[in-house]
file structure.csv (CSV, C-alpha atoms)
chain,number,residue,atom,x,y,z
A,1,MET,CA,0.0,0.0,0.0
A,2,GLU,CA,1.4,3.4,-1.0
A,3,SER,CA,1.9,6.1,1.6
A,4,TYR,CA,1.0,9.7,1.2
A,5,GLN,CA,2.4,12.9,2.7
A,6,ASP,CA,0.6,16.0,4.0
A,7,GLU,CA,1.1,18.9,6.4
A,8,ILE,CA,-1.1,18.4,9.5
A,9,ILE,CA,-2.2,20.3,12.7
A,10,ILE,CA,-2.9,18.0,15.7
A,11,LEU,CA,-6.4,18.4,17.2
A,12,GLN,CA,-6.6,15.6,19.7
A,13,VAL,CA,-4.3,12.9,21.0
A,14,LYS,CA,-5.2,10.0,23.2
A,15,ASN,CA,-3.6,6.7,24.4
A,16,TRP,CA,-4.5,3.6,22.4
A,17,GLN,CA,-4.0,0.1,23.6
A,18,THR,CA,-0.6,-0.7,25.3
A,19,ALA,CA,1.9,1.6,23.6
A,20,ASP,CA,0.2,3.4,20.8
A,21,LYS,CA,-1.6,6.8,20.3
A,22,GLN,CA,-4.7,7.6,18.3
A,23,VAL,CA,-4.6,11.1,16.8
A,24,ILE,CA,-7.1,13.3,15.1
A,25,CYS,CA,-5.7,16.0,12.9
A,26,PHE,CA,-6.6,18.5,10.2
A,27,SER,CA,-4.5,18.4,7.1
A,28,ARG,CA,-3.8,20.8,4.3
A,29,GLU,CA,-4.8,18.5,1.4
A,30,HIS,CA,-6.9,15.7,3.0
A,31,GLY,CA,-9.1,17.5,5.6
A,32,LYS,CA,-9.7,15.7,8.9
A,33,ILE,CA,-7.6,12.5,9.3
A,34,VAL,CA,-7.7,9.9,12.1
A,35,PHE,CA,-4.6,7.8,12.4
A,36,ILE,CA,-2.8,5.4,14.8
A,37,ALA,CA,0.8,6.0,15.7
A,38,TYR,CA,2.1,2.5,16.7
A,39,GLY,CA,4.7,2.5,19.5
A,40,ALA,CA,4.3,6.3,20.0
A,41,ARG,CA,4.1,5.9,23.8
A,42,TYR,CA,7.5,4.3,24.1
A,43,PRO,CA,10.1,6.7,25.7
A,44,ARG,CA,12.4,6.5,22.7
A,45,SER,CA,9.7,7.2,20.1
A,46,THR,CA,10.4,10.5,18.2
A,47,ALA,CA,6.9,10.6,16.8
A,48,GLY,CA,5.5,10.2,20.3
A,49,ARG,CA,7.2,13.4,21.4
A,50,LEU,CA,6.0,15.4,18.4
A,51,LEU,CA,2.4,14.2,18.6
A,52,GLN,CA,1.1,17.0,20.8
A,53,PRO,CA,-2.1,19.2,20.5
A,54,PHE,CA,-1.6,22.1,18.1
A,55,ALA,CA,1.7,20.9,16.7
A,56,CYS,CA,2.1,21.5,13.0
A,57,LEU,CA,3.9,18.5,11.4
A,58,GLN,CA,4.9,17.1,8.0
A,59,ALA,CA,3.6,13.6,8.2
A,60,GLU,CA,3.7,10.5,6.0
A,61,LEU,CA,0.8,8.0,6.5
A,62,TYR,CA,-0.6,4.8,5.1
A,63,PRO,CA,-4.2,5.0,4.2
A,64,GLY,CA,-6.8,2.7,5.8
A,65,SER,CA,-10.5,2.1,5.4
A,66,ARG,CA,-11.4,4.2,8.5
A,67,VAL,CA,-8.2,4.9,10.3
A,68,ASP,CA,-4.8,5.6,8.8
A,69,LYS,CA,-1.4,4.6,10.1
A,70,LEU,CA,1.5,6.9,10.8
A,71,LYS,CA,4.8,6.1,9.0
A,72,SER,CA,6.9,9.1,10.1
A,73,CYS,CA,6.6,12.8,11.0
A,74,GLU,CA,8.7,15.9,11.7
A,75,LEU,CA,8.0,19.4,12.8
A,76,ALA,CA,6.9,21.7,10.0
A,77,VAL,CA,7.1,24.8,12.2
A,78,PRO,CA,8.2,25.3,15.8
A,79,ALA,CA,5.7,24.0,18.4
A,80,PRO,CA,3.6,26.8,20.0
A,81,GLN,CA,4.2,27.6,23.7
A,82,LEU,CA,0.8,28.4,25.1
A,83,ASN,CA,-0.3,29.5,28.6
A,84,LEU,CA,-3.3,28.1,30.4
A,85,SER,CA,-5.8,30.5,28.9
A,86,GLN,CA,-4.4,30.1,25.4
A,87,LEU,CA,-4.5,26.3,25.8
A,88,ALA,CA,-8.2,26.4,26.9
A,89,TYR,CA,-9.3,28.4,23.9
A,90,GLY,CA,-7.1,26.4,21.7
A,91,PHE,CA,-8.8,23.2,22.9
A,92,LEU,CA,-12.2,24.8,22.1
A,93,MET,CA,-11.0,25.6,18.5
A,94,ALA,CA,-9.7,22.1,18.1
A,95,GLU,CA,-12.8,20.4,19.5
A,96,ALA,CA,-15.1,22.4,17.3
A,97,THR,CA,-13.0,21.7,14.2
A,98,GLU,CA,-13.0,18.0,15.0
A,99,ARG,CA,-16.8,17.9,15.6
A,100,LEU,CA,-17.8,20.1,12.6
A,101,THR,CA,-15.7,18.5,9.9
A,102,GLU,CA,-15.9,15.1,8.3
A,103,GLN,CA,-13.2,12.7,7.1
A,104,GLY,CA,-12.6,12.7,3.4
A,105,GLU,CA,-13.7,16.3,2.9
A,106,PRO,CA,-10.6,18.4,2.1
A,107,SER,CA,-10.6,22.1,2.9
A,108,GLU,CA,-7.3,24.0,2.6
A,109,GLY,CA,-9.3,27.1,3.6
A,110,ILE,CA,-10.0,25.7,7.0
A,111,TYR,CA,-6.4,24.5,7.4
A,112,ILE,CA,-5.0,27.9,6.6
A,113,LEU,CA,-7.6,29.6,8.9
A,114,LEU,CA,-6.7,27.2,11.8
A,115,GLN,CA,-3.0,27.8,11.3
A,116,ALA,CA,-3.5,31.6,11.4
A,117,ALA,CA,-5.9,31.5,14.4
A,118,LEU,CA,-3.4,29.5,16.5
A,119,ALA,CA,-0.8,32.1,15.7
A,120,LEU,CA,-3.2,34.9,16.6
A,121,LEU,CA,-4.1,33.1,19.9
A,122,MET,CA,-0.6,33.9,21.2
A,123,LYS,CA,-0.7,37.5,20.1
A,124,ARG,CA,-4.1,38.8,21.1
A,125,THR,CA,-6.8,38.1,23.6
A,126,PRO,CA,-7.5,34.3,23.4
A,127,ARG,CA,-11.3,34.8,23.8
A,128,LEU,CA,-11.5,37.1,20.7
A,129,ALA,CA,-9.1,34.9,18.7
A,130,ALA,CA,-11.2,31.8,19.3
A,131,LEU,CA,-14.5,33.6,18.7
A,132,ALA,CA,-13.2,35.0,15.4
A,133,TYR,CA,-12.0,31.5,14.3
A,134,LEU,CA,-15.2,29.8,15.3
A,135,ILE,CA,-17.4,32.3,13.5
A,136,ARG,CA,-15.4,31.8,10.3
A,137,LEU,CA,-15.3,28.0,10.8
A,138,LEU,CA,-19.1,27.9,10.8
A,139,ASP,CA,-19.1,29.8,7.5
A,140,TYR,CA,-16.6,27.4,6.0
A,141,CYS,CA,-18.8,24.5,7.1
A,142,GLY,CA,-21.8,26.1,5.5
A,143,ILE,CA,-23.8,26.5,8.7
A,144,GLY,CA,-22.9,30.1,9.6
A,145,PRO,CA,-26.0,31.7,11.3
A,146,VAL,CA,-28.0,34.6,9.7
A,147,TYR,CA,-27.6,37.9,11.5
A,148,GLU,CA,-28.3,40.6,8.9
A,149,VAL,CA,-32.0,39.8,8.6
A,150,CYS,CA,-34.7,38.1,10.6
A,151,VAL,CA,-34.8,34.4,9.7
A,152,SER,CA,-38.5,34.4,10.2
A,153,CYS,CA,-39.8,37.4,8.3
A,154,SER,CA,-36.6,38.5,6.3
A,155,LYS,CA,-36.8,42.1,7.6
A,156,PRO,CA,-33.4,43.8,8.1
A,157,ALA,CA,-31.9,43.3,11.6
A,158,GLU,CA,-32.3,46.5,13.6
A,159,GLY,CA,-32.0,47.3,17.3
A,160,ASP,CA,-32.5,44.6,19.9
A,161,GLY,CA,-33.3,41.1,18.8
A,162,TRP,CA,-32.9,37.4,19.7
A,163,PHE,CA,-31.2,34.3,18.4
A,164,SER,CA,-32.7,31.0,17.5
A,165,GLU,CA,-30.4,28.0,17.2
A,166,GLY,CA,-33.2,25.9,15.6
A,167,GLN,CA,-33.9,28.5,12.9
A,168,GLY,CA,-30.2,29.4,12.6
A,169,GLY,CA,-30.1,33.1,13.2
A,170,PHE,CA,-31.6,36.4,14.2
A,171,ILE,CA,-35.2,36.8,15.3
A,172,CYS,CA,-36.8,40.3,15.4
A,173,GLY,CA,-39.0,41.6,18.2
A,174,CYS,CA,-42.2,41.2,16.2
A,175,CYS,CA,-41.5,37.5,15.4
A,176,ARG,CA,-40.3,36.7,18.9
A,177,HIS,CA,-43.8,37.0,20.3
A,178,GLY,CA,-45.0,34.1,18.2
A,179,HIS,CA,-41.9,32.1,18.8
A,180,THR,CA,-42.6,29.6,21.7
A,181,THR,CA,-40.8,26.5,20.5
A,182,GLU,CA,-37.4,27.2,22.1
A,183,PRO,CA,-35.8,29.7,24.6
A,184,LEU,CA,-34.1,32.6,22.7
A,185,ALA,CA,-30.9,34.3,23.7
A,186,ALA,CA,-30.6,38.1,23.4
A,187,PHE,CA,-28.8,39.1,20.2
A,188,GLY,CA,-28.5,42.9,20.3
A,189,GLU,CA,-27.1,45.3,17.7
A,190,GLU,CA,-23.7,45.6,19.4
A,191,ALA,CA,-23.2,41.9,19.5
A,192,ARG,CA,-24.2,41.6,15.8
A,193,ASN,CA,-21.7,44.3,15.0
A,194,LEU,CA,-19.0,42.5,16.9
A,195,TRP,CA,-19.9,39.3,15.1
A,196,GLN,CA,-19.5,41.0,11.7
A,197,GLN,CA,-16.2,42.6,12.7
A,198,LEU,CA,-14.8,39.3,13.8
A,199,ARG,CA,-16.2,37.5,10.7
A,200,MET,CA,-14.2,40.0,8.5
A,201,LEU,CA,-11.1,40.1,10.7
A,202,ASP,CA,-7.7,39.9,9.0
A,203,PHE,CA,-5.9,37.3,11.1
A,204,GLU,CA,-2.5,38.4,9.8
A,205,ASP,CA,-3.1,42.1,10.6
A,206,PRO,CA,-6.1,42.3,13.0
A,207,GLY,CA,-5.5,45.9,14.1
A,208,HIS,CA,-6.6,47.2,17.5
A,209,PHE,CA,-10.1,47.6,18.7
A,210,THR,CA,-12.0,47.6,22.0
A,211,VAL,CA,-14.9,45.4,23.0
A,212,LYS,CA,-17.3,45.8,25.9
A,213,GLY,CA,-17.3,42.9,28.3
A,214,GLY,CA,-21.1,42.4,28.1
A,215,THR,CA,-21.1,42.5,24.3
A,216,LEU,CA,-18.3,39.8,24.2
A,217,MET,CA,-20.2,37.6,26.6
A,218,GLU,CA,-23.4,37.9,24.6
A,219,ALA,CA,-21.7,36.9,21.3
A,220,GLU,CA,-19.9,34.1,23.1
A,221,GLN,CA,-23.1,32.8,24.6
A,222,ILE,CA,-24.8,32.7,21.2
A,223,LEU,CA,-21.8,31.0,19.6
A,224,HIS,CA,-21.4,28.4,22.3
A,225,ARG,CA,-25.1,27.5,22.3
A,226,TYR,CA,-25.1,27.3,18.5
A,227,LEU,CA,-22.0,25.0,18.5
A,228,VAL,CA,-23.7,22.6,21.0
A,229,TYR,CA,-26.8,22.6,18.8
A,230,GLN,CA,-24.9,21.8,15.7
A,231,THR,CA,-22.7,19.1,17.2
A,232,GLU,CA,-25.6,17.6,19.2
A,233,GLN,CA,-23.5,17.1,22.2
A,234,PRO,CA,-21.7,19.2,25.0
A,235,LEU,CA,-18.3,20.5,24.3
A,236,LYS,CA,-15.8,19.4,26.9
A,237,SER,CA,-13.5,22.4,26.3
A,238,LEU,CA,-16.3,24.8,27.5
A,239,ASP,CA,-16.3,23.1,30.9
A,240,PHE,CA,-12.5,23.6,31.1
A,241,ILE,CA,-12.9,27.3,30.2
A,242,ARG,CA,-15.5,27.7,32.9
A,243,GLN,CA,-13.2,26.1,35.5
A,244,ILE,CA,-10.3,28.4,34.8
A,245,SER,CA,-12.4,31.6,34.5
call {"tool": "encode", "arguments": {"input": "structure.csv", "output": "structure tokens"}}
result
Amino acid sequence: MESYQDEIIILQVKNWQTADKQVICFSREHGKIVFIAYGARYPRSTAGRLLQPFACLQAELYPGSRVDKLKSCELAVPAPQLNLSQLAYGFLMAEATERLTEQGEPSEGIYILLQAALALLMKRTPRLAALAYLIRLLDYCGIGPVYEVCVSCSKPAEGDGWFSEGQGGFICGCCRHGHTTEPLAAFGEEARNLWQQLRMLDFEDPGHFTVKGGTLMEAEQILHRYLVYQTEQPLKSLDFIRQIS
């Protein structure tokens, strides 16, 4: 069986059987890949030392029906040195990427975005870097919520409003009164403006801007609820963030 090479970013690593590791990564050319690194837990294993969350590696793998096998790997760029807060939001980015993408669906755009977001995570406020990445990730996955108009009546979004996970976006005040199927989160004009600003953010040159704490919390609450709705299960990284906050 012929091997293939690709540049990968590690999303998740866990022990597998006696001396192996199971790894989930996102690659430049093949999208999400799940592979087994046999013997990676042995002390002398070079691959075992490199297979760490957020590491960017040049890897050679053997394809499998569901799980691939690692042949070799080496660092593509120096490993990031993250503090606790950066790690927490990095785990959120990684978990969302793993949950929202499918094996066998390449997206170089997501790969480049993830690479840039991890670099931004170390330069700017981790909360904002993660929020900007996740907003863009939802768009890449084709499930970005609607916030410019009401998803119920199509009127332009103005002033205060609410957010519906089930309908996928903004609900105006008039439509809210007839909306009783699910609890709605507040989605005010400032939060929508922040959402748009982060959606259009240049990760290479983000510039400087200030954000009100309440506005950031409102946008985060909407995003986190929407992620849980889309993945249909709780995100473990959100619990970790709450513990360190």
call {"tool": "closest_atom_pairs", "arguments": {"input": "structure.csv", "of": "segment 132-184 of chain A", "to": "segment 213-225 of chain A", "cutoff": "9 Å", "atoms": "only C-alpha atoms", "output": "CSV"}}
result
residue,atom,partner,partner_atom,distance
A:Leu134,CA,A:Leu223,CA,8.0
A:Ile135,CA,A:Leu223,CA,7.6
A:Phe163,CA,A:Ile222,CA,7.2
A:Ser164,CA,A:Ile222,CA,8.9
A:Glu165,CA,A:Arg225,CA,7.4
call {"tool": "closest_residue", "arguments": {"input": "structure.csv", "among": "A:Asp139, A:Glu204, A:Asp160, A:Glu95", "to": "Leu11 of chain A", "atoms": "only C-alpha atoms"}}
result
A:Glu95
call {"tool": "residues_around", "arguments": {"input": "structure.csv", "residues": "Phe203 of chain A", "least_positions_apart": "2", "cutoff": "7 Å", "atoms": "all atoms listed in the file", "output": "JSON, numbers by chain"}}
result
{"A": [116, 117, 120, 201, 205, 206]}
call {"tool": "closest_residue", "arguments": {"input": "structure.csv", "among": "A:Leu84, A:Val149, A:Leu118, A:Ile33", "to": "Cys56 of chain A", "atoms": "all atoms listed in the file"}}
result
A:Leu118
call {"tool": "atom_distance", "arguments": {"input": "structure.csv", "atom1": "atom CA of Ala76 of chain A", "atom2": "atom CA of Lys236 of chain A"}}
result
28.4 Å
call {"tool": "closest_residue", "arguments": {"input": "structure.csv", "among": "A:Ser27, A:Ser154, A:Gln12, A:Asn83", "to": "Gln52 of chain A", "atoms": "only C-alpha atoms"}}
result
A:Gln12
call {"tool": "residues_around", "arguments": {"input": "structure.csv", "residues": "segment 99-108 of chain A", "least_positions_apart": "6", "cutoff": "8 Å", "atoms": "only C-alpha atoms", "output": "PyMOL selection string"}}
result
chain A and resi 27-34+141+230-231
call {"tool": "atom_distance", "arguments": {"input": "structure.csv", "atom1": "atom CA of Arg176 of chain A", "atom2": "atom CA of Leu137 of chain A"}}
result
27.7 Å
